[in-house]
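Have a look at target.csv; it's CSV, C-alpha atoms:
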chain,number,residue,atom,x,y,z
A,831,MET,CA,10.8,-28.3,16.2
A,832,ARG,CA,14.2,-27.4,15.0
A,833,THR,CA,16.7,-30.2,14.2
A,834,LEU,CA,20.0,-30.5,15.9
A,835,LYS,CA,21.8,-29.7,12.7
A,836,ALA,CA,19.9,-26.4,12.3
A,837,ARG,CA,20.7,-25.5,15.9
A,838,LEU,CA,24.4,-26.3,15.5
A,839,ILE,CA,24.6,-24.2,12.3
A,840,GLY,CA,22.8,-21.4,14.0
A,841,PHE,CA,25.1,-21.5,17.0
A,842,LEU,CA,28.2,-21.4,14.7
A,843,GLY,CA,26.8,-18.5,12.7
A,844,LEU,CA,26.0,-16.5,15.8
A,845,TRP,CA,29.3,-17.1,17.4
A,846,VAL,CA,31.3,-16.3,14.3
A,847,VAL,CA,29.4,-13.0,14.0
A,848,TRP,CA,30.1,-12.2,17.6
A,849,LEU,CA,33.8,-13.0,17.2
A,850,LEU,CA,34.0,-10.7,14.2
A,851,LEU,CA,32.3,-7.9,16.1
A,852,THR,CA,34.7,-8.1,19.0
A,853,SER,CA,37.6,-8.6,16.6
A,854,PRO,CA,40.7,-7.9,18.8
A,855,TRP,CA,39.9,-11.2,20.5
A,856,SER,CA,40.1,-12.0,24.2
A,857,ALA,CA,39.3,-15.3,25.7
A,858,GLN,CA,36.6,-13.9,28.1
A,859,GLU,CA,34.6,-12.3,25.4
A,860,ALA,CA,34.8,-15.4,23.2
A,861,LEU,CA,33.6,-17.5,26.1
A,862,VAL,CA,30.6,-15.2,26.9
A,863,GLY,CA,29.7,-15.0,23.2
A,864,ALA,CA,29.7,-18.8,23.0
A,865,LEU,CA,27.5,-19.1,26.0
A,866,VAL,CA,25.0,-16.6,24.7
A,867,ALA,CA,25.0,-18.1,21.2
A,868,ALA,CA,24.4,-21.5,22.7
A,869,PHE,CA,21.5,-20.2,24.8
A,870,ILE,CA,19.9,-18.5,21.8
A,871,SER,CA,20.3,-21.5,19.6
A,872,LEU,CA,18.7,-23.8,22.2
A,873,LEU,CA,15.6,-21.6,22.7
A,874,PRO,CA,12.5,-23.7,21.9
A,875,LEU,CA,11.4,-21.7,18.9
A,876,ALA,CA,8.5,-22.8,16.8
A,877,GLY,CA,8.7,-23.5,13.1
A,878,ARG,CA,11.5,-25.0,11.1
A,879,SER,CA,14.7,-23.2,10.4
A,880,PRO,CA,15.9,-22.9,6.8
A,881,LEU,CA,19.5,-23.4,8.1
A,882,GLY,CA,18.7,-27.1,8.5
A,883,ASP,CA,18.5,-27.3,4.7
A,884,LEU,CA,22.2,-27.0,4.4
A,885,ARG,CA,23.9,-30.3,3.8
A,886,VAL,CA,27.1,-30.9,5.7
A,887,THR,CA,28.7,-33.7,3.6
A,888,PRO,CA,32.2,-33.0,2.3
A,889,LYS,CA,31.0,-32.8,-1.3
A,890,ALA,CA,28.4,-30.2,-0.3
A,891,LEU,CA,30.9,-28.1,1.5
A,892,ALA,CA,33.3,-28.3,-1.4
A,893,TYR,CA,30.6,-27.1,-3.7
A,894,LEU,CA,29.7,-24.3,-1.3
A,895,PHE,CA,33.3,-23.2,-1.5
A,896,LEU,CA,33.2,-23.4,-5.4
A,897,TYR,CA,29.9,-21.6,-5.4
A,898,PHE,CA,31.5,-18.6,-3.7
A,899,PHE,CA,33.8,-18.2,-6.7
A,900,VAL,CA,31.1,-18.8,-9.2
A,901,PHE,CA,29.1,-16.1,-7.5
A,902,LEU,CA,32.0,-13.7,-7.3
A,903,LYS,CA,32.7,-14.2,-11.0
A,904,ALA,CA,29.1,-13.6,-11.9
A,905,LEU,CA,29.0,-10.4,-9.7
A,906,VAL,CA,32.1,-8.9,-11.4
A,907,LEU,CA,30.7,-9.8,-14.9
A,908,SER,CA,27.4,-8.2,-14.0
A,909,ASN,CA,29.1,-5.0,-13.0
A,910,LEU,CA,31.1,-4.9,-16.2
A,911,ASP,CA,27.8,-5.4,-18.0
A,912,VAL,CA,26.2,-2.6,-16.1
A,913,ALA,CA,29.2,-0.3,-16.8
A,914,PHE,CA,28.9,-1.1,-20.5
A,915,ARG,CA,25.2,-0.4,-20.7
A,916,VAL,CA,25.3,2.7,-18.6
A,917,LEU,CA,28.2,4.3,-20.4
A,918,HIS,CA,27.1,3.4,-23.9
A,919,PRO,CA,25.7,6.5,-25.6
A,920,LYS,CA,22.6,4.6,-27.0
A,921,LEU,CA,21.7,2.7,-23.8
A,922,PRO,CA,21.4,-0.8,-25.4
A,923,ILE,CA,18.5,-2.3,-23.4
A,924,ALA,CA,15.5,-4.4,-24.4
A,925,PRO,CA,13.8,-5.1,-21.0
A,926,GLY,CA,11.2,-7.8,-20.4
A,927,ILE,CA,10.0,-10.2,-17.7
A,928,VAL,CA,10.6,-13.9,-18.4
A,929,LYS,CA,9.5,-17.0,-16.5
A,930,VAL,CA,12.1,-19.5,-15.5
A,931,LYS,CA,11.7,-22.8,-13.6
A,932,THR,CA,13.7,-24.1,-10.7
A,933,ARG,CA,14.2,-27.6,-9.5
A,934,LEU,CA,15.2,-26.5,-6.0
A,935,ARG,CA,12.9,-27.6,-3.2
A,936,THR,CA,14.2,-26.1,0.0
A,937,SER,CA,13.6,-22.5,1.1
A,938,LEU,CA,17.3,-21.9,1.7
A,939,GLY,CA,18.2,-23.0,-1.8
A,940,ARG,CA,15.6,-20.8,-3.3
A,941,LEU,CA,16.7,-17.8,-1.3
A,942,LEU,CA,20.3,-18.3,-2.5
A,943,LEU,CA,19.2,-18.8,-6.1
A,944,THR,CA,16.9,-15.7,-6.3
A,945,SER,CA,19.5,-13.6,-4.6
A,946,SER,CA,22.2,-14.8,-6.9
A,947,ILE,CA,20.0,-14.1,-9.9
A,948,THR,CA,19.5,-10.5,-8.7
A,949,LEU,CA,23.3,-10.0,-8.5
A,950,THR,CA,24.2,-11.5,-11.9
A,951,PRO,CA,24.3,-10.0,-15.4
A,952,GLY,CA,21.2,-8.1,-16.4
A,953,THR,CA,18.6,-9.9,-14.3
A,954,ILE,CA,16.5,-9.1,-11.2
A,955,THR,CA,14.1,-11.5,-9.5
A,956,VAL,CA,10.6,-10.0,-9.3
A,957,GLU,CA,8.4,-12.8,-8.1
A,958,LEU,CA,8.5,-16.5,-7.0
A,959,ARG,CA,5.3,-18.5,-7.4
A,960,GLY,CA,5.5,-22.3,-6.9
A,961,ASP,CA,8.3,-23.5,-9.2
A,962,ASP,CA,8.3,-20.4,-11.4
A,963,ILE,CA,10.6,-17.5,-10.9
A,964,TYR,CA,9.7,-14.3,-12.7
A,965,VAL,CA,12.9,-12.5,-13.7
A,966,HIS,CA,13.3,-8.9,-15.1
A,967,TRP,CA,15.9,-9.2,-17.8
A,968,ILE,CA,17.4,-6.0,-19.1
A,969,ASN,CA,18.2,-7.4,-22.5
A,970,VAL,CA,15.9,-10.3,-23.4
A,971,THR,CA,17.7,-12.8,-25.7
A,972,ALA,CA,15.4,-15.9,-25.1
A,973,ALA,CA,11.7,-15.1,-24.5
A,974,ASP,CA,10.6,-18.7,-24.0
A,975,SER,CA,10.8,-20.3,-20.6
A,976,ALA,CA,13.2,-23.1,-21.5
A,977,GLY,CA,15.7,-20.9,-23.1
A,978,ALA,CA,15.6,-18.3,-20.3
A,979,THR,CA,16.0,-21.1,-17.7
A,980,ALA,CA,19.1,-22.4,-19.5
A,981,ALA,CA,20.6,-18.9,-19.7
A,982,ILE,CA,19.8,-17.6,-16.2
A,983,VAL,CA,19.3,-20.4,-13.7
A,984,GLN,CA,21.2,-23.5,-14.6
A,985,GLY,CA,24.7,-22.2,-13.9
A,986,PHE,CA,23.8,-21.7,-10.3
A,987,GLU,CA,21.4,-24.6,-9.9
A,988,LYS,CA,24.1,-27.1,-10.6
A,989,TYR,CA,25.9,-26.1,-7.4
A,990,LEU,CA,22.9,-25.3,-5.3
A,991,GLU,CA,21.3,-28.7,-5.9
A,992,VAL,CA,24.3,-30.3,-4.2
A,993,ILE,CA,24.6,-27.7,-1.4
A,994,CYS,CA,20.9,-27.6,-0.3
A,995,GLY,CA,18.7,-29.4,-2.9
B,1050,MET,CA,50.1,8.8,-1.6
B,1051,ALA,CA,47.7,6.4,-0.2
B,1052,GLU,CA,45.8,9.1,1.6
B,1053,THR,CA,45.5,11.3,-1.5
B,1054,VAL,CA,44.1,8.4,-3.5
B,1055,PHE,CA,41.7,7.6,-0.6
B,1056,LEU,CA,40.5,11.1,-0.4
B,1057,VAL,CA,39.8,11.1,-4.1
B,1058,ALA,CA,37.8,7.9,-3.6
B,1059,VAL,CA,35.8,9.5,-0.8
B,1060,GLY,CA,35.1,12.5,-3.0
B,1061,LEU,CA,33.9,10.3,-5.9
B,1062,ALA,CA,31.6,8.4,-3.5
B,1063,ALA,CA,30.2,11.7,-2.2
B,1064,GLY,CA,29.6,12.8,-5.8
B,1065,ALA,CA,27.8,9.5,-6.5
B,1066,LEU,CA,25.6,10.2,-3.4
B,1067,LEU,CA,24.8,13.6,-4.8
B,1068,LEU,CA,24.0,12.2,-8.2
B,1069,ALA,CA,21.7,9.6,-6.7
B,1070,GLY,CA,20.2,12.4,-4.7
B,1071,ILE,CA,19.2,14.1,-8.0
B,1072,ARG,CA,17.2,11.0,-9.0
B,1073,PHE,CA,15.7,11.0,-5.5
B,1074,ALA,CA,14.6,14.6,-5.9
B,1075,ARG,CA,13.3,14.2,-9.5
B,1076,GLY,CA,11.3,11.0,-9.0
B,1077,PRO,CA,9.0,11.1,-10.9
B,1078,TRP,CA,7.3,8.2,-9.0
B,1079,ALA,CA,7.6,7.0,-5.4
B,1080,VAL,CA,9.2,3.7,-6.7
B,1081,ASP,CA,12.0,5.7,-8.4
B,1082,ARG,CA,12.6,7.6,-5.3
B,1083,THR,CA,12.8,4.5,-3.2
B,1084,VAL,CA,15.3,2.9,-5.7
B,1085,ALA,CA,17.5,6.0,-5.4
B,1086,LEU,CA,17.1,5.9,-1.6
B,1087,ASP,CA,18.3,2.2,-1.6
B,1088,ALA,CA,21.4,3.1,-3.5
B,1089,MET,CA,22.0,6.2,-1.3
B,1090,THR,CA,21.7,4.1,1.9
B,1091,ILE,CA,24.5,1.8,0.8
B,1092,ILE,CA,26.8,4.6,-0.4
B,1093,ALA,CA,26.2,6.5,2.9
B,1094,THR,CA,27.0,3.4,4.9
B,1095,SER,CA,30.3,3.1,3.0
B,1096,LEU,CA,31.0,6.8,3.6
B,1097,ILE,CA,30.4,6.4,7.4
B,1098,VAL,CA,33.1,3.7,7.4
B,1099,ALA,CA,35.4,6.0,5.4
B,1100,PHE,CA,34.7,8.6,8.1
B,1101,ALA,CA,35.6,6.1,10.8
B,1102,LEU,CA,39.0,5.6,9.0
B,1103,LEU,CA,39.6,9.4,8.6
B,1104,ALA,CA,38.6,10.2,12.2
B,1105,GLY,CA,40.5,7.1,13.5
B,1106,ARG,CA,37.6,6.1,15.7
B,1107,ARG,CA,36.3,2.5,15.7
B,1108,ILE,CA,32.9,3.5,17.2
B,1109,TYR,CA,31.7,4.9,13.9
B,1110,LEU,CA,31.9,1.3,12.5
B,1111,ASP,CA,29.0,0.5,14.8
B,1112,VAL,CA,27.2,3.5,13.6
B,1113,ALA,CA,27.6,2.3,10.0
B,1114,LEU,CA,26.4,-1.2,10.9
B,1115,VAL,CA,23.2,0.2,12.6
B,1116,TYR,CA,22.7,2.7,9.8
B,1117,GLY,CA,22.8,-0.1,7.2
B,1118,LEU,CA,20.3,-2.2,9.3
B,1119,VAL,CA,17.9,0.6,9.7
B,1120,GLY,CA,18.2,1.7,6.1
B,1121,PHE,CA,17.5,-1.9,4.9
B,1122,VAL,CA,14.4,-2.2,7.1
B,1123,GLY,CA,13.2,1.3,5.9
B,1124,VAL,CA,13.5,0.5,2.2
B,1125,VAL,CA,11.8,-2.9,2.6
B,1126,ALA,CA,9.0,-1.3,4.6
B,1127,VAL,CA,8.4,1.5,2.0
B,1128,ALA,CA,8.5,-1.1,-0.8
B,1129,ARG,CA,5.9,-3.3,0.9
B,1130,TYR,CA,3.7,-0.3,1.5
B,1131,LEU,CA,3.9,0.7,-2.1
B,1132,GLU,CA,3.1,-2.8,-3.2
B,1133,GLY,CA,0.0,-3.3,-1.1
B,1134,GLY,CA,-1.0,0.1,0.0
B,1135,LEU,CA,-1.9,2.1,-3.1
C,1285,MET,CA,52.2,-1.1,0.5
C,1286,LEU,CA,49.0,-2.6,1.8
C,1287,ALA,CA,47.7,1.0,2.4
C,1288,ILE,CA,48.3,1.9,-1.3
C,1289,VAL,CA,46.6,-1.3,-2.5
C,1290,GLY,CA,43.7,-0.5,-0.2
C,1291,ALA,CA,43.4,3.1,-1.4
C,1292,PHE,CA,43.2,2.0,-5.0
C,1293,LEU,CA,40.7,-0.7,-4.2
C,1294,SER,CA,38.5,2.0,-2.5
C,1295,LEU,CA,39.0,4.2,-5.6
C,1296,LEU,CA,37.7,1.3,-7.8
C,1297,GLY,CA,34.8,0.8,-5.5
C,1298,SER,CA,33.8,4.5,-5.6
C,1299,ALA,CA,34.0,4.3,-9.4
C,1300,PHE,CA,31.3,1.7,-9.3
C,1301,PHE,CA,29.3,4.0,-7.0
C,1302,VAL,CA,29.5,6.7,-9.6
C,1303,LEU,CA,28.4,4.1,-12.3
C,1304,ALA,CA,25.4,3.2,-10.2
C,1305,ALA,CA,24.5,6.9,-9.8
C,1306,ILE,CA,24.8,7.5,-13.6
C,1307,GLY,CA,22.7,4.4,-14.2
C,1308,LEU,CA,20.0,5.8,-11.8
C,1309,LEU,CA,20.0,9.0,-13.8
C,1310,ARG,CA,20.1,7.6,-17.3
C,1311,MET,CA,17.9,4.5,-17.3
C,1312,PRO,CA,14.4,5.1,-18.6
C,1313,ASP,CA,12.2,3.4,-15.9
C,1314,ALA,CA,12.2,2.1,-12.3
C,1315,LEU,CA,13.1,-1.6,-13.0
C,1316,ASN,CA,16.0,-0.7,-15.3
C,1317,ARG,CA,17.3,1.8,-12.7
C,1318,MET,CA,17.2,-0.9,-10.2
C,1319,GLN,CA,19.4,-3.1,-12.4
C,1320,ALA,CA,22.2,-0.4,-12.3
C,1321,GLY,CA,21.5,0.7,-8.7
C,1322,THR,CA,21.6,-2.8,-7.0
C,1323,LYS,CA,24.5,-4.5,-8.8
C,1324,ALA,CA,26.9,-1.6,-9.0
C,1325,THR,CA,26.4,-0.5,-5.4
C,1326,THR,CA,26.9,-4.1,-4.2
C,1327,LEU,CA,30.3,-4.6,-5.8
C,1328,GLY,CA,31.2,-1.0,-5.2
C,1329,SER,CA,30.6,-1.3,-1.5
C,1330,ILE,CA,32.5,-4.6,-1.3
C,1331,LEU,CA,35.6,-3.0,-2.9
C,1332,PHE,CA,35.3,0.3,-1.0
C,1333,LEU,CA,35.0,-1.4,2.4
C,1334,LEU,CA,37.7,-4.0,1.6
C,1335,GLY,CA,40.0,-1.2,0.7
C,1336,ILE,CA,39.4,0.5,4.0
C,1337,GLY,CA,39.9,-2.9,5.7
C,1338,LEU,CA,43.3,-3.2,4.1
C,1339,MET,CA,44.3,0.2,5.2
C,1340,ARG,CA,43.3,-0.4,8.8
C,1341,PRO,CA,43.5,-4.2,9.5
C,1342,ASP,CA,42.0,-3.7,13.0
C,1343,PHE,CA,38.7,-2.6,11.3
C,1344,LEU,CA,38.6,-5.8,9.2
C,1345,GLY,CA,36.2,-7.8,11.5
C,1346,ARG,CA,33.4,-5.4,11.5
C,1347,ILE,CA,34.0,-4.6,7.8
C,1348,ILE,CA,33.5,-8.4,6.9
C,1349,ILE,CA,30.2,-8.3,8.9
C,1350,LEU,CA,29.1,-5.2,7.0
C,1351,ILE,CA,30.0,-6.7,3.6
C,1352,LEU,CA,28.2,-10.0,4.4
C,1353,PHE,CA,25.2,-7.9,5.5
C,1354,ILE,CA,25.1,-5.8,2.4
C,1355,VAL,CA,25.5,-8.8,0.1
C,1356,LEU,CA,22.7,-10.7,1.8
C,1357,THR,CA,20.2,-7.8,2.2
C,1358,ASN,CA,20.7,-5.8,-1.0
C,1359,PRO,CA,19.0,-8.5,-3.3
C,1360,VAL,CA,16.2,-8.8,-0.8
C,1361,SER,CA,15.4,-5.0,-0.8
C,1362,SER,CA,15.7,-4.8,-4.5
C,1363,ASN,CA,13.3,-7.8,-4.8
C,1364,ALA,CA,10.7,-6.0,-2.6
C,1365,LEU,CA,11.2,-2.9,-4.7
C,1366,ALA,CA,10.8,-4.8,-8.0
C,1367,ARG,CA,7.5,-6.3,-6.8
C,1368,ALA,CA,6.3,-2.8,-5.9
C,1369,ALA,CA,7.4,-1.4,-9.3
C,1370,HIS,CA,5.6,-4.3,-11.1
C,1371,ALA,CA,2.4,-3.7,-9.2
C,1372,TRP,CA,2.6,-0.1,-10.4
C,1373,ARG,CA,3.6,-0.9,-13.9
C,1374,ASP,CA,0.8,0.8,-15.8
C,1375,ARG,CA,1.0,4.0,-13.8
C,1376,ILE,CA,4.7,4.5,-14.0
C,1377,GLY,CA,4.9,3.4,-17.6
C,1378,LEU,CA,7.1,0.3,-17.6
C,1379,LYS,CA,7.9,-0.9,-21.1
C,1380,MET,CA,8.6,-4.7,-21.2
C,1381,THR,CA,8.2,-6.8,-24.4
C,1382,PRO,CA,7.5,-10.2,-22.9
C,1383,ASP,CA,5.8,-9.7,-19.5
C,1384,ALA,CA,5.3,-13.2,-18.3
C,1385,LEU,CA,4.3,-12.1,-14.8
C,1386,ALA,CA,1.4,-9.9,-16.1
C,1387,GLU,CA,0.2,-12.7,-18.3
C,1388,ALA,CA,0.2,-15.1,-15.4
C,1389,GLU,CA,-1.7,-12.6,-13.2
C,1390,ALA,CA,-4.2,-12.1,-16.0
C,1391,GLU,CA,-4.7,-15.8,-16.4
C,1392,ALA,CA,-5.2,-16.2,-12.6
C,1393,ALA,CA,-7.7,-13.3,-12.6
C,1394,ALA,CA,-9.7,-14.8,-15.5
C,1395,LEU,CA,-9.8,-18.2,-13.8
C,1396,ALA,CA,-10.9,-16.6,-10.5
C,1397,SER,CA,-13.7,-14.6,-12.2
C,1398,SER,CA,-15.0,-17.5,-14.2
C,1399,THR,CA,-15.2,-19.7,-11.1
C,1400,ALA,CA,-16.9,-16.9,-9.3
C,1401,GLU,CA,-19.4,-16.5,-12.1
C,1402,ALA,CA,-20.1,-20.2,-12.0
C,1403,ALA,CA,-20.6,-20.1,-8.2
C,1404,SER,CA,-22.9,-17.1,-8.1
C,1405,ALA,CA,-25.4,-15.8,-10.7
C,1406,LYS,CA,-24.3,-12.1,-10.6
C,1407,PRO,CA,-21.0,-11.4,-12.3
C,1408,THR,CA,-18.2,-10.0,-10.2
C,1409,SER,CA,-16.2,-7.2,-11.6
C,1410,GLU,CA,-12.5,-7.7,-11.9
C,1411,VAL,CA,-10.6,-5.9,-9.2
C,1412,GLN,CA,-7.4,-7.8,-9.4
C,1413,HIS,CA,-4.4,-5.4,-9.6
C,1414,ASP,CA,-5.6,-1.9,-9.3
C,1415,ALA,CA,-2.0,-0.6,-9.2

Go through the file and emit its structure as structure tokens.
Amino acid sequence: MRTLKARLIGFLGLWVVWLLLTSPWSAQEALVGALVAAFISLLPLAGRSPLGDLRVTPKALAYLFLYFFVFLKALVLSNLDVAFRVLHPKLPIAPGIVKVKTRLRTSLGRLLLTSSITLTPGTITVELRGDDIYVHWINVTAADSAGATAAIVQGFEKYLEVICG
Amino acid sequence: MAETVFLVAVGLAAGALLLAGIRFARGPWAVDRTVALDAMTIIATSLIVAFALLAGRRIYLDVALVYGLVGFVGVVAVARYLEGGL
Amino acid sequence: MLAIVGAFLSLLGSAFFVLAAIGLLRMPDALNRMQAGTKATTLGSILFLLGIGLMRPDFLGRIIILILFIVLTNPVSSNALARAAHAWRDRIGLKMTPDALAEAEAEAAALASSTAEAASAKPTSEVQHDA
């Protein structure tokens, strides 16, 4: 069964997407959207929803807000990194796959972490097995698991642990 | 002024689509082609939105949305097939 | 004013598209091509679409949905592609100096075959990852 929190977050998400889709707003459309979103989020679906993993304490929401900027900075840095490597006449790459460990337990946290790793400088998530994430690194600077974890994961994990440990 | 700059941007994006198309044609393996297809889908989605602006019709935004959805599902389906099928 | 800012934002975005395409052409193997292809197209499409949104503010709602959609799905599709590329690593000639995932797979295969041998008398041939 889904928790009330997961249903509420699901309702808000659906309704916000509907409002954005019908963006010159009118009260009638917003009302119908709210009714349909409420109906969908109250459906007795089996399994647990990863949306329930999100914490809604003020601290978690503040960290979610901060995480947005951390992610944006990493995305811009990774693109400058790509630009440097692609335009460099010698293609400075030394690719390899390293194993890093995560302390996150929830599926939403792991989804956000692996997606963030893919969009940050020089790394792509290849596989997730248990607590180990296998990451393709375009320029391996730390082949051992501990060093790679410190370089790749911990900047995000600090925030994600608070948001959805 | 703004329109000229935007037309240059659309031209660059179309050129990028063609360059990615070269990788799509040359391969040499199915995985490389699918990587190129993934990039081409996103560039094409952006170009459809640019076309909506140039033609001044909001309906093409929905086309872009659906194209993005279908392209994503297509790339994931091909990737899963390559992973398990051969 | 807003229109000019939007146009230049779109120009920056399409520059990242071109970078992604050059990366696709220049990088030596599939996983490295993915590095360029995924990241540069993500930021490129964010900037390109935001630029269009600034030029036509009434498009902005759908453009925000499109950006959210691209940011959420692009890592997922590249992850699926990376797994496919890794499964084919011998055929397509991926060169990686530490390959922790292949080591882990080899360990798992060795463990599975040794337990299978212990269980049954006849040895089972290894058919773990036949690319």

Leaving out stretch 1057-1060 of chain B and any residue of its chain fewer than 2 positions from it, which residues lie within 6 Å of it when counting all atoms listed in the file, given as a PyMOL selection string? (chain B and resi 1054-1055+1062-1063) or (chain C and resi 1295+1298)

Atom CA of B:Ile1092 to atom CA of A:Ile982, distance in Å rounded to a single decimal: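 Separation between atom CA of B:Ile1092 and atom CA of A:Ile982: 28.1 Å.
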
Please return, as a list in words, all residues of chain A lying within 12 Å of chain B when all atoms listed in the file are considered.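 Residues satisfying the distance criterion: Leu851, Thr852, Ser853 and Pro854 of chain A.
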
Quick one: residues within 12 Å of C:Val1355, all atoms listed in the file counted, chain neighbours fewer than 4 positions away excluded, as JSON, numbers by chain? {"A": [901, 902, 905, 942, 945, 946, 948, 949], "B": [1091, 1117, 1121], "C": [1322, 1323, 1324, 1325, 1326, 1327, 1328, 1329, 1330, 1348, 1349, 1350, 1351, 1359, 1360, 1361, 1362]}

Could those selected residues go to a file with C-alpha atoms, as an mmCIF file, keeping the file's coordinate frame?
data_model
loop_
_atom_site.group_PDB
_atom_site.id
_atom_site.type_symbol
_atom_site.label_atom_id
_atom_site.label_comp_id
_atom_site.auth_asym_id
_atom_site.auth_seq_id
_atom_site.Cartn_x
_atom_site.Cartn_y
_atom_site.Cartn_z
ATOM 1 C CA PHE A 901 29.100 -16.100 -7.500
ATOM 2 C CA LEU A 902 32.000 -13.700 -7.300
ATOM 3 C CA LEU A 905 29.000 -10.400 -9.700
ATOM 4 C CA LEU A 942 20.300 -18.300 -2.500
ATOM 5 C CA SER A 945 19.500 -13.600 -4.600
ATOM 6 C CA SER A 946 22.200 -14.800 -6.900
ATOM 7 C CA THR A 948 19.500 -10.500 -8.700
ATOM 8 C CA LEU A 949 23.300 -10.000 -8.500
ATOM 9 C CA ILE B 1091 24.500 1.800 0.800
ATOM 10 C CA GLY B 1117 22.800 -0.100 7.200
ATOM 11 C CA PHE B 1121 17.500 -1.900 4.900
ATOM 12 C CA THR C 1322 21.600 -2.800 -7.000
ATOM 13 C CA LYS C 1323 24.500 -4.500 -8.800
ATOM 14 C CA ALA C 1324 26.900 -1.600 -9.000
ATOM 15 C CA THR C 1325 26.400 -0.500 -5.400
ATOM 16 C CA THR C 1326 26.900 -4.100 -4.200
ATOM 17 C CA LEU C 1327 30.300 -4.600 -5.800
ATOM 18 C CA GLY C 1328 31.200 -1.000 -5.200
ATOM 19 C CA SER C 1329 30.600 -1.300 -1.500
ATOM 20 C CA ILE C 1330 32.500 -4.600 -1.300
ATOM 21 C CA ILE C 1348 33.500 -8.400 6.900
ATOM 22 C CA ILE C 1349 30.200 -8.300 8.900
ATOM 23 C CA LEU C 1350 29.100 -5.200 7.000
ATOM 24 C CA ILE C 1351 30.000 -6.700 3.600
ATOM 25 C CA PRO C 1359 19.000 -8.500 -3.300
ATOM 26 C CA VAL C 1360 16.200 -8.800 -0.800
ATOM 27 C CA SER C 1361 15.400 -5.000 -0.800
ATOM 28 C CA SER C 1362 15.700 -4.800 -4.500
#

May I ask you to extract the residues of chain A within 9 Å of chain C, using only C-alpha atoms, and to give them as a ChimeraX atom specification? /A:847,849-854,905-906,908-910,912-913,915-917,921,923-929,944-957,964-968,970,973

Go ahead and save the residues from that selection, with C-alpha atoms, as a PDB file, in the coordinates of the input.
ATOM      1  CA  VAL A 847      29.400 -13.000  14.000  1.00  0.00           C
ATOM      2  CA  LEU A 849      33.800 -13.000  17.200  1.00  0.00           C
ATOM      3  CA  LEU A 850      34.000 -10.700  14.200  1.00  0.00           C
ATOM      4  CA  LEU A 851      32.300  -7.900  16.100  1.00  0.00           C
ATOM      5  CA  THR A 852      34.700  -8.100  19.000  1.00  0.00           C
ATOM      6  CA  SER A 853      37.600  -8.600  16.600  1.00  0.00           C
ATOM      7  CA  PRO A 854      40.700  -7.900  18.800  1.00  0.00           C
ATOM      8  CA  LEU A 905      29.000 -10.400  -9.700  1.00  0.00           C
ATOM      9  CA  VAL A 906      32.100  -8.900 -11.400  1.00  0.00           C
ATOM     10  CA  SER A 908      27.400  -8.200 -14.000  1.00  0.00           C
ATOM     11  CA  ASN A 909      29.100  -5.000 -13.000  1.00  0.00           C
ATOM     12  CA  LEU A 910      31.100  -4.900 -16.200  1.00  0.00           C
ATOM     13  CA  VAL A 912      26.200  -2.600 -16.100  1.00  0.00           C
ATOM     14  CA  ALA A 913      29.200  -0.300 -16.800  1.00  0.00           C
ATOM     15  CA  ARG A 915      25.200  -0.400 -20.700  1.00  0.00           C
ATOM     16  CA  VAL A 916      25.300   2.700 -18.600  1.00  0.00           C
ATOM     17  CA  LEU A 917      28.200   4.300 -20.400  1.00  0.00           C
ATOM     18  CA  LEU A 921      21.700   2.700 -23.800  1.00  0.00           C
ATOM     19  CA  ILE A 923      18.500  -2.300 -23.400  1.00  0.00           C
ATOM     20  CA  ALA A 924      15.500  -4.400 -24.400  1.00  0.00           C
ATOM     21  CA  PRO A 925      13.800  -5.100 -21.000  1.00  0.00           C
ATOM     22  CA  GLY A 926      11.200  -7.800 -20.400  1.00  0.00           C
ATOM     23  CA  ILE A 927      10.000 -10.200 -17.700  1.00  0.00           C
ATOM     24  CA  VAL A 928      10.600 -13.900 -18.400  1.00  0.00           C
ATOM     25  CA  LYS A 929       9.500 -17.000 -16.500  1.00  0.00           C
ATOM     26  CA  THR A 944      16.900 -15.700  -6.300  1.00  0.00           C
ATOM     27  CA  SER A 945      19.500 -13.600  -4.600  1.00  0.00           C
ATOM     28  CA  SER A 946      22.200 -14.800  -6.900  1.00  0.00           C
ATOM     29  CA  ILE A 947      20.000 -14.100  -9.900  1.00  0.00           C
ATOM     30  CA  THR A 948      19.500 -10.500  -8.700  1.00  0.00           C
ATOM     31  CA  LEU A 949      23.300 -10.000  -8.500  1.00  0.00           C
ATOM     32  CA  THR A 950      24.200 -11.500 -11.900  1.00  0.00           C
ATOM     33  CA  PRO A 951      24.300 -10.000 -15.400  1.00  0.00           C
ATOM     34  CA  GLY A 952      21.200  -8.100 -16.400  1.00  0.00           C
ATOM     35  CA  THR A 953      18.600  -9.900 -14.300  1.00  0.00           C
ATOM     36  CA  ILE A 954      16.500  -9.100 -11.200  1.00  0.00           C
ATOM     37  CA  THR A 955      14.100 -11.500  -9.500  1.00  0.00           C
ATOM     38  CA  VAL A 956      10.600 -10.000  -9.300  1.00  0.00           C
ATOM     39  CA  GLU A 957       8.400 -12.800  -8.100  1.00  0.00           C
ATOM     40  CA  TYR A 964       9.700 -14.300 -12.700  1.00  0.00           C
ATOM     41  CA  VAL A 965      12.900 -12.500 -13.700  1.00  0.00           C
ATOM     42  CA  HIS A 966      13.300  -8.900 -15.100  1.00  0.00           C
ATOM     43  CA  TRP A 967      15.900  -9.200 -17.800  1.00  0.00           C
ATOM     44  CA  ILE A 968      17.400  -6.000 -19.100  1.00  0.00           C
ATOM     45  CA  VAL A 970      15.900 -10.300 -23.400  1.00  0.00           C
ATOM     46  CA  ALA A 973      11.700 -15.100 -24.500  1.00  0.00           C
TER      47      ALA A 973
END

At a cut-off of 7 Å, list the chain B residues touching chain C, using all atoms listed in the file, as an NGL selection string. :B and (1051 or 1054-1055 or 1058 or 1061-1062 or 1065 or 1068-1069 or 1072 or 1078 or 1080-1081 or 1084-1085 or 1088 or 1091 or 1095 or 1099 or 1110 or 1114 or 1121 or 1124-1125 or 1128-1129 or 1131-1132 or 1135)
